[in-house]
Amino acid sequence: AFAVRKGWLRGTETWHETFPENAIFKKRPTSRSTYQMEVSIDNFSRPPLEIRVKPKQRGAGEMCLFCVHLKSKRPIRLDSTERRLLPFQDEIAIGSALANIRRSAEAAALRLLLNERMLGNDDPFVVLGDLNDEYLSVSTTIVTGDPSYKLYEGSRVGARARKSGDLGFYSA
């Protein structure tokens, strides 16, 4: 659309190739939980594009768009050494789990970028593209922010609900 709609683009586009610095996927063992986990992914498989646009329609304001394409559900291919250690069925299971972990990490990194941009302003934001999962999946709800529906003053969660509602997206 931006190729044919001259004058819509405001400023320059930003391709986010690497994850934000605060995208640290690490869980240390504690007195309550003994498991630990660390995921070492620091870049997007397909960098999200961030642009600001202002449609020419009367009264339309400037908005920020993120065009994304997260990792697919297709299993990540293991290399020959990794494949030699596993039967074929296990290779598919491990590759699928790795694809899911990568997609979730990318969703979280994208969410961190969105939080950084959305906090403290009233600009409209749109995320479009292929999240490669269903709208109620974990990776998709990470991106949408699982918006709160208790946005009124008397809500039991009060200011927290208003704040999360300000950062949430709704599927369309």
# chains A, B, ... in the order shown; residues from 1 in each chain; ligands from 1
call {"tool": "select_by_dssp", "arguments": {"residues": "region 51-92 of chain A", "states": "strand (DSSP E)", "output": "ChimeraX atom specification"}}
result
/A:51-53,63-69
call {"tool": "closest_atom_pairs", "arguments": {"of": "region 87-116 of chain A", "to": "region 27-39 of chain A", "cutoff": "12 Å", "atoms": "only C-alpha atoms", "output": "tab-separated table"}}
result
residue	atom	partner	partner_atom	distance
A:Leu98	CA	A:Val39	CA	10.2
A:Ile101	CA	A:Val39	CA	8.3
A:Arg102	CA	A:Val39	CA	8.9
A:Arg103	CA	A:Val39	CA	12.0
A:Ser104	CA	A:Val39	CA	10.7
A:Ala105	CA	A:Val39	CA	8.3
A:Glu106	CA	A:Val39	CA	11.4
call {"tool": "residues_around", "arguments": {"residues": "Asn132 (chain A)", "least_positions_apart": "4", "cutoff": "10 Å", "atoms": "only C-alpha atoms", "output": "PyMOL selection string"}}
result
chain A and resi 68-74+103+137+139-140
call {"tool": "write_last_selection", "arguments": {"atoms": "N, CA and C atoms", "output": "PDB file, in the first residue's frame"}}
result
ATOM      1  N   VAL A  68       4.712  -7.392  10.565  1.00  0.00           N
ATOM      2  CA  VAL A  68       5.487  -8.495  11.144  1.00  0.00           C
ATOM      3  C   VAL A  68       5.206  -9.816  10.451  1.00  0.00           C
ATOM      4  N   HIS A  69       6.163 -10.712  10.545  1.00  0.00           N
ATOM      5  CA  HIS A  69       6.007 -12.080  10.063  1.00  0.00           C
ATOM      6  C   HIS A  69       6.828 -12.958  11.008  1.00  0.00           C
ATOM      7  N   LEU A  70       6.166 -13.538  12.006  1.00  0.00           N
ATOM      8  CA  LEU A  70       6.858 -14.357  12.997  1.00  0.00           C
ATOM      9  C   LEU A  70       7.190 -15.735  12.430  1.00  0.00           C
ATOM     10  N   LYS A  71       8.057 -16.448  13.131  1.00  0.00           N
ATOM     11  CA  LYS A  71       8.476 -17.791  12.731  1.00  0.00           C
ATOM     12  C   LYS A  71       7.254 -18.685  12.539  1.00  0.00           C
ATOM     13  N   SER A  72       7.294 -19.482  11.487  1.00  0.00           N
ATOM     14  CA  SER A  72       6.174 -20.373  11.176  1.00  0.00           C
ATOM     15  C   SER A  72       6.137 -21.564  12.135  1.00  0.00           C
ATOM     16  N   LYS A  73       5.062 -22.363  12.028  1.00  0.00           N
ATOM     17  CA  LYS A  73       4.938 -23.576  12.831  1.00  0.00           C
ATOM     18  C   LYS A  73       5.762 -24.723  12.266  1.00  0.00           C
ATOM     19  N   ARG A  74       6.261 -24.541  11.045  1.00  0.00           N
ATOM     20  CA  ARG A  74       7.060 -25.604  10.423  1.00  0.00           C
ATOM     21  C   ARG A  74       8.269 -25.909  11.300  1.00  0.00           C
ATOM     22  N   ARG A 103       9.189 -18.673  17.850  1.00  0.00           N
ATOM     23  CA  ARG A 103       8.034 -17.803  17.593  1.00  0.00           C
ATOM     24  C   ARG A 103       7.624 -17.062  18.864  1.00  0.00           C
ATOM     25  N   SER A 137      -3.677 -18.189  20.727  1.00  0.00           N
ATOM     26  CA  SER A 137      -2.441 -18.900  21.075  1.00  0.00           C
ATOM     27  C   SER A 137      -1.578 -18.034  21.992  1.00  0.00           C
ATOM     28  N   SER A 139       1.634 -17.239  21.712  1.00  0.00           N
ATOM     29  CA  SER A 139       2.470 -16.265  21.010  1.00  0.00           C
ATOM     30  C   SER A 139       1.648 -15.070  20.515  1.00  0.00           C
ATOM     31  N   THR A 140       0.432 -15.298  20.047  1.00  0.00           N
ATOM     32  CA  THR A 140      -0.409 -14.191  19.584  1.00  0.00           C
ATOM     33  C   THR A 140      -0.861 -13.326  20.747  1.00  0.00           C
TER      34      THR A 140
END
call {"tool": "atom_distance", "arguments": {"atom1": "CA of Phe44 (chain A)", "atom2": "CA of Leu86 (chain A)"}}
result
27.3 Å
call {"tool": "residues_around", "arguments": {"residues": "Thr18 (chain A)", "least_positions_apart": "5", "cutoff": "9 Å", "atoms": "only C-alpha atoms", "output": "MDAnalysis selection string"}}
result
chainID A and resid 42:44 47 109
call {"tool": "write_last_selection", "arguments": {"atoms": "N, CA, C and O atoms", "output": "PDB file, in the first residue's frame"}}
result
ATOM      1  N   ASP A  42      18.560 -13.724  19.940  1.00  0.00           N
ATOM      2  CA  ASP A  42      18.654 -12.272  20.068  1.00  0.00           C
ATOM      3  C   ASP A  42      18.297 -11.520  18.795  1.00  0.00           C
ATOM      4  O   ASP A  42      18.518 -10.321  18.689  1.00  0.00           O
ATOM      5  N   ASN A  43      17.713 -12.244  17.814  1.00  0.00           N
ATOM      6  CA  ASN A  43      17.339 -11.560  16.581  1.00  0.00           C
ATOM      7  C   ASN A  43      16.063 -12.180  15.996  1.00  0.00           C
ATOM      8  O   ASN A  43      15.695 -13.292  16.326  1.00  0.00           O
ATOM      9  N   PHE A  44      15.400 -11.400  15.142  1.00  0.00           N
ATOM     10  CA  PHE A  44      14.187 -11.866  14.477  1.00  0.00           C
ATOM     11  C   PHE A  44      14.567 -12.681  13.247  1.00  0.00           C
ATOM     12  O   PHE A  44      15.522 -12.333  12.543  1.00  0.00           O
ATOM     13  N   PRO A  47      12.825  -9.596  10.146  1.00  0.00           N
ATOM     14  CA  PRO A  47      12.732  -8.339  10.911  1.00  0.00           C
ATOM     15  C   PRO A  47      11.395  -7.620  10.734  1.00  0.00           C
ATOM     16  O   PRO A  47      10.926  -7.466   9.597  1.00  0.00           O
ATOM     17  N   ALA A 109       9.727 -10.311  22.095  1.00  0.00           N
ATOM     18  CA  ALA A 109      10.607  -9.203  21.700  1.00  0.00           C
ATOM     19  C   ALA A 109       9.809  -8.115  20.987  1.00  0.00           C
ATOM     20  O   ALA A 109      10.007  -6.921  21.231  1.00  0.00           O
TER      21      ALA A 109
END
call {"tool": "select_by_dssp", "arguments": {"residues": "region 19-151 of chain A", "states": "alpha helix (DSSP H)", "output": "short mmCIF file (atom, residue, chain, number, x, y, z; two decimals) with N, CA, C and O atoms, in the first residue's frame"}}
result
data_model
loop_
_atom_site.label_atom_id
_atom_site.label_comp_id
_atom_site.auth_asym_id
_atom_site.auth_seq_id
_atom_site.Cartn_x
_atom_site.Cartn_y
_atom_site.Cartn_z
N SER A 80 22.95 -32.15 10.38
CA SER A 80 23.20 -33.59 10.22
C SER A 80 23.66 -34.25 11.52
O SER A 80 23.26 -35.36 11.83
N THR A 81 24.47 -33.57 12.31
CA THR A 81 24.92 -34.13 13.59
C THR A 81 23.75 -34.29 14.55
O THR A 81 23.60 -35.32 15.19
N GLU A 82 22.89 -33.27 14.62
CA GLU A 82 21.73 -33.33 15.51
C GLU A 82 20.75 -34.42 15.05
O GLU A 82 20.20 -35.15 15.88
N ARG A 83 20.56 -34.54 13.73
CA ARG A 83 19.63 -35.56 13.20
C ARG A 83 20.12 -36.97 13.45
O ARG A 83 19.32 -37.86 13.70
N ARG A 84 21.42 -37.18 13.40
CA ARG A 84 21.98 -38.52 13.61
C ARG A 84 21.67 -39.05 15.02
O ARG A 84 21.59 -40.24 15.24
N PHE A 88 13.59 -40.19 13.36
CA PHE A 88 12.89 -39.18 12.58
C PHE A 88 11.74 -38.54 13.34
O PHE A 88 11.58 -37.33 13.34
N GLN A 89 10.91 -39.36 14.03
CA GLN A 89 9.76 -38.82 14.75
C GLN A 89 10.22 -37.85 15.84
O GLN A 89 9.57 -36.83 16.08
N ASP A 90 11.33 -38.15 16.50
CA ASP A 90 11.83 -37.26 17.54
C ASP A 90 12.39 -35.98 16.94
O ASP A 90 12.28 -34.91 17.52
N GLU A 91 12.98 -36.10 15.76
CA GLU A 91 13.52 -34.92 15.06
C GLU A 91 12.39 -33.91 14.77
O GLU A 91 12.56 -32.71 14.96
N ILE A 92 11.24 -34.43 14.33
CA ILE A 92 10.09 -33.56 14.05
C ILE A 92 9.59 -32.92 15.35
O ILE A 92 9.30 -31.72 15.38
N ALA A 93 9.49 -33.69 16.41
CA ALA A 93 9.02 -33.14 17.69
C ALA A 93 9.96 -32.06 18.21
O ALA A 93 9.50 -30.98 18.64
N ILE A 94 11.26 -32.33 18.19
CA ILE A 94 12.23 -31.34 18.68
C ILE A 94 12.22 -30.10 17.77
O ILE A 94 12.22 -28.96 18.25
N GLY A 95 12.20 -30.29 16.45
CA GLY A 95 12.15 -29.16 15.51
C GLY A 95 10.91 -28.31 15.69
O GLY A 95 10.97 -27.08 15.61
N SER A 96 9.77 -28.95 15.96
CA SER A 96 8.52 -28.21 16.20
C SER A 96 8.59 -27.43 17.50
O SER A 96 8.12 -26.28 17.57
N ALA A 97 9.15 -28.04 18.53
CA ALA A 97 9.30 -27.33 19.81
C ALA A 97 10.21 -26.12 19.65
O ALA A 97 9.92 -25.04 20.18
N LEU A 98 11.30 -26.28 18.91
CA LEU A 98 12.22 -25.17 18.69
C LEU A 98 11.54 -24.04 17.90
O LEU A 98 11.75 -22.86 18.20
N ALA A 99 10.72 -24.40 16.91
CA ALA A 99 9.98 -23.38 16.14
C ALA A 99 9.03 -22.62 17.06
O ALA A 99 8.91 -21.40 16.96
N ASN A 100 8.35 -23.34 17.96
CA ASN A 100 7.42 -22.71 18.89
C ASN A 100 8.17 -21.78 19.86
O ASN A 100 7.70 -20.67 20.14
N ILE A 101 9.32 -22.21 20.35
CA ILE A 101 10.12 -21.38 21.26
C ILE A 101 10.58 -20.13 20.52
O ILE A 101 10.50 -19.02 21.06
N ARG A 102 11.05 -20.28 19.29
CA ARG A 102 11.51 -19.13 18.50
C ARG A 102 10.36 -18.16 18.25
O ARG A 102 10.51 -16.96 18.42
N ARG A 103 9.19 -18.67 17.85
CA ARG A 103 8.03 -17.80 17.59
C ARG A 103 7.62 -17.06 18.86
O ARG A 103 7.34 -15.87 18.83
N SER A 104 7.63 -17.74 20.00
CA SER A 104 7.28 -17.10 21.26
C SER A 104 8.30 -16.04 21.66
O SER A 104 7.93 -14.97 22.15
N ALA A 105 9.58 -16.33 21.46
CA ALA A 105 10.62 -15.34 21.76
C ALA A 105 10.47 -14.12 20.86
O ALA A 105 10.60 -12.97 21.32
N GLU A 106 10.19 -14.34 19.58
CA GLU A 106 9.98 -13.22 18.66
C GLU A 106 8.75 -12.41 19.07
O GLU A 106 8.76 -11.17 19.01
N ALA A 107 7.68 -13.09 19.48
CA ALA A 107 6.47 -12.40 19.93
C ALA A 107 6.76 -11.54 21.15
O ALA A 107 6.33 -10.39 21.24
N ALA A 108 7.52 -12.08 22.10
CA ALA A 108 7.87 -11.31 23.31
C ALA A 108 8.75 -10.12 22.97
O ALA A 108 8.55 -9.01 23.50
N ALA A 109 9.73 -10.31 22.09
CA ALA A 109 10.61 -9.20 21.70
C ALA A 109 9.81 -8.12 20.99
O ALA A 109 10.01 -6.92 21.23
N LEU A 110 8.88 -8.52 20.13
CA LEU A 110 8.01 -7.55 19.46
C LEU A 110 7.16 -6.81 20.49
O LEU A 110 7.01 -5.59 20.42
N ARG A 111 6.62 -7.55 21.47
CA ARG A 111 5.80 -6.92 22.51
C ARG A 111 6.62 -5.87 23.28
O ARG A 111 6.12 -4.79 23.61
N LEU A 112 7.90 -6.17 23.56
CA LEU A 112 8.75 -5.21 24.26
C LEU A 112 8.96 -3.96 23.41
O LEU A 112 8.96 -2.84 23.94
N LEU A 113 9.15 -4.12 22.11
CA LEU A 113 9.26 -2.96 21.21
C LEU A 113 7.98 -2.13 21.24
O LEU A 113 8.01 -0.90 21.30
N LEU A 114 6.83 -2.82 21.17
CA LEU A 114 5.55 -2.12 21.19
C LEU A 114 5.34 -1.37 22.50
O LEU A 114 4.90 -0.22 22.50
N ASN A 115 5.65 -2.03 23.63
CA ASN A 115 5.51 -1.36 24.92
C ASN A 115 6.32 -0.08 24.97
O ASN A 115 5.85 0.96 25.42
N GLU A 116 7.55 -0.16 24.49
CA GLU A 116 8.45 1.00 24.50
C GLU A 116 7.85 2.15 23.68
O GLU A 116 7.91 3.30 24.09
N ARG A 117 7.26 1.84 22.54
CA ARG A 117 6.71 2.87 21.67
C ARG A 117 5.37 3.40 22.17
O ARG A 117 5.05 4.56 21.99
N MET A 118 4.56 2.53 22.79
CA MET A 118 3.18 2.90 23.13
C MET A 118 3.04 3.64 24.45
O MET A 118 2.10 4.41 24.61
N VAL A 138 -0.66 -18.67 22.66
CA VAL A 138 0.22 -17.94 23.58
C VAL A 138 1.03 -16.88 22.85
O VAL A 138 1.10 -15.73 23.27
N SER A 139 1.63 -17.24 21.71
CA SER A 139 2.47 -16.27 21.01
C SER A 139 1.65 -15.07 20.51
O SER A 139 2.11 -13.93 20.59
N THR A 140 0.43 -15.30 20.05
CA THR A 140 -0.41 -14.19 19.58
C THR A 140 -0.86 -13.33 20.75
O THR A 140 -0.85 -12.09 20.65
N THR A 141 -1.24 -13.93 21.87
CA THR A 141 -1.67 -13.11 23.01
C THR A 141 -0.50 -12.35 23.64
O THR A 141 -0.70 -11.31 24.26
N ILE A 142 0.72 -12.84 23.46
CA ILE A 142 1.88 -12.05 23.89
C ILE A 142 1.92 -10.75 23.09
O ILE A 142 2.12 -9.66 23.64
N VAL A 143 1.72 -10.84 21.79
CA VAL A 143 1.74 -9.65 20.93
C VAL A 143 0.56 -8.74 21.23
O VAL A 143 0.72 -7.54 21.37
N THR A 144 -0.64 -9.30 21.36
CA THR A 144 -1.82 -8.46 21.58
C THR A 144 -1.83 -7.85 22.97
O THR A 144 -2.52 -6.86 23.20
#
call {"tool": "atom_distance", "arguments": {"atom1": "CA of Leu136 (chain A)", "atom2": "CA of Pro20 (chain A)"}}
result
24.7 Å
call {"tool": "atom_distance", "arguments": {"atom1": "CA of Cys67 (chain A)", "atom2": "CA of Glu134 (chain A)"}}
result
17.3 Å
call {"tool": "closest_residue", "arguments": {"among": "A:Pro87, A:Asp133, A:Phe19, A:Lys54", "to": "Ser40 (chain A)", "atoms": "only C-alpha atoms"}}
result
A:Phe19
